[in-house]
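The structure appears right after this line, and notes come after that.
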Amino acid sequence: MDISRTGGLTMRTPKAWGQPCPHPDCAYAQMINRGNIRATSTYLTQSGKRRIFQCTKCGTPFSETRDTVFFDLKTPEEKVMMALKMLLVKVDLAGISFVLGVTEDTVLAWLQRAAHKAAEINAHLLRDLPVTQVQLDEMWNFIARKHACETDTAGESLPDSEDGRQGVWISFAPEFRLMIAAVVGPRTLDTAKEVVAATKARVAGIPAFFSDGFTCSLAALIAAFHVVTTVARTGKRGRPRKPLCEPHPDLVYGQLVKQKKQGKLLTLSTRVVLGAERLTQLGFTISTALVERVNLTLRQALAPLARKTSSFCKDRERLRQRVVFFQAFYNVARPHMSWRLSLPDQDQHILGLIQPKWLPRTPAMAAGLTDHVWTFRELLTAKFEPIHNQSSSG
């Protein structure tokens, strides 16, 4: 944040507030740090003082909490954050309602706001990721009931079904421990295409992909990464040949195939499906160990994903909101032990009986997306410019 010092006193410059103008017709709409925002007054809430800002270009006044999870809420911010934190540590809705004295519908309304903000954070940060390999996996779960009223021939829920088996699909970058995409849907080709398409939109280039032996993964990858070859006309009679859709020459795909019997693992084998020569050049090992470890983290963090639980979601959108919210929290606000750095002796400060030895870092820090561990309040109040404005503004 920009700070200017005049006469020994620290003063904020007008462009240092980090607040965008909310008026859609303003010339500086949704732009940050353009020098058009000034603080005009404050007001007192249950959570302390909050500022009122005004755009000097269009004259629109707005609150400090606008476009955040806390906007227009009468509940203290600490209680809202406590409820959302409890959702991320495997506490069910009934428990949160009992502890905090709020209704379950209120907690779900806060979750909806938090998921919307998390999706905004993901869209802003997860762009042009320099990843070289991606691990794909789907985690079994269900909505409302284990067996849907209507299923396809394989027993999976229909794409628009609101009950039955609905998996949590994860696209994971092992080199940064970063969750690239998270989708909730049945174990079908359409959901596999959705996951791969979301991954393609967020990575730079064509990374190597590794997954289990799910047959639809190959078709989903070819649908996203392919080249179209047009067959020349021969001049002979008959209908001309259709263009050929072939896998991209740089696409690498390997499978880790597990054979089980009565729930017990019998054999474990690897299979190179595409790009064997390039895989050898890259020197990667076919593995899905890290994304499967993330599956365990999700099951330990979200109550609806726990095994043999009565806290399962009754609506697919509610489960999607929880997963998206946890994805943003995992990437930017949850330090990962594998990325911590050892502090030099001179940087270790004694705080009571605790002497920290490690500098915590998150997957987003490892990928160069952020420069610090986000606080939980930052996760709920972050504001960004529209993506189409950021290239010109820097």
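Every chain in the structure tokens has a letter given in the order shown (A, B, ...), and although residue numbers restart at 1 in each chain, ligands are simply numbered from 1 in the order shown.
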
Residues within 9 Å of Ala364 of chain A, only C-alpha atoms, excluding chain neighbours under 4 positions, as a PyMOL selection string: chain A and resi 125+176-178+330-333+368-373

Shell around segment 126-133 of chain A at 7 Å using only C-alpha atoms, local window under 5 positions removed, as a list in words: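 My list of contacting residues is Ala173, Ile180, Arg202, Val203, Ala204, Pro207, Ala208 and Phe209 of chain A.
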
Those same residues - C-alpha atoms - I'd like them written as an mmCIF file, in the first residue's frame.
```cif
data_model
loop_
_atom_site.group_PDB
_atom_site.id
_atom_site.type_symbol
_atom_site.label_atom_id
_atom_site.label_comp_id
_atom_site.auth_asym_id
_atom_site.auth_seq_id
_atom_site.Cartn_x
_atom_site.Cartn_y
_atom_site.Cartn_z
ATOM 1 C CA ALA A 173 -0.354 -29.301 -9.900
ATOM 2 C CA ILE A 180 -6.090 -25.855 -10.284
ATOM 3 C CA ARG A 202 -5.789 -21.878 -16.298
ATOM 4 C CA VAL A 203 -2.468 -23.366 -17.409
ATOM 5 C CA ALA A 204 0.116 -22.126 -19.872
ATOM 6 C CA PRO A 207 1.415 -30.038 -19.326
ATOM 7 C CA ALA A 208 1.712 -33.785 -18.862
ATOM 8 C CA PHE A 209 -1.437 -35.383 -17.444
#
```

Best match for closeness to Val252 of chain A among A:Gly283, A:Gly18, A:Pro240, A:Gly235, counting only C-alpha atoms: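 Smallest distance to Val252 of chain A is found for A:Gly283.
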
DSSP alpha helix (DSSP H) residues within segment 115-333 of chain A, as a ChimeraX atom specification: /A:115-125,189-202,216-224,276-282,289-301,316-332

Between atom CA of Pro174 of chain A and atom CA of Ala276 of chain A, distance in Å (one decimal): 20.1 Å

Among the residues A:Cys245, A:Leu380, A:Val324, A:Asp105, the one that comes closest to Asn122 of chain A [using only C-alpha atoms]: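 Using only C-alpha atoms, the shortest distance to Asn122 of chain A belongs to A:Val324.
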
Length of the atom CA of Leu268 of chain A to atom CA of Thr280 of chain A vector [Å]: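 These two atoms are separated by 20.3 Å.
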
Close residues, Phe312 of chain A itself excluded, 8 Å, only C-alpha atoms, min 4 positions apart in chain, as a list in words: Phe142, Ile143, Ala144, Ala303, Pro304 and Leu305 of chain A

Could you write out that same residue set with C-alpha atoms as a PDB file, in the first residue's frame?
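Writing done, so here's result.pdb:
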```pdb
ATOM      1  CA  PHE A 142     -23.255 -38.610  -3.104  1.00  0.00           C
ATOM      2  CA  ILE A 143     -26.042 -36.035  -2.882  1.00  0.00           C
ATOM      3  CA  ALA A 144     -29.244 -36.643  -0.893  1.00  0.00           C
ATOM      4  CA  ALA A 303     -18.148 -32.666   6.743  1.00  0.00           C
ATOM      5  CA  PRO A 304     -20.221 -33.812   3.697  1.00  0.00           C
ATOM      6  CA  LEU A 305     -17.195 -35.684   2.295  1.00  0.00           C
TER       7      LEU A 305
END
```

DSSP strand (DSSP E) residues within segment 5-146 of chain A, listed as a ChimeraX atom specification: /A:5-6,9-12,37-45,48-55,61-63,133-139,142-143

Nearest to Val184 of chain A by atom-to-atom distance, counting only C-alpha atoms, from A:Val323, A:Leu266, A:Val69, A:Ala197: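 Ranked by minimum distance to Val184 of chain A, first place goes to A:Val323.
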
Point-to-point distance from atom CA of Gln281 of chain A to atom CA of Trp339 of chain A, Å rounded to tenths: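 Atom-to-atom, atom CA of Gln281 of chain A and atom CA of Trp339 of chain A are spaced 26.7 Å apart.
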
His116 of chain A surroundings by only C-alpha atoms, 12 Å radius, close-in-sequence under 5 positions cut, as a count of residues only: 23

Among listed residues A:Lys242, A:Asp72, A:Val272, A:Lys85, nearest Arg334 of chain A (using only C-alpha atoms):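 Between A:Lys242, A:Asp72, A:Val272, A:Lys85, the residue approaching Arg334 of chain A most closely is A:Lys85.
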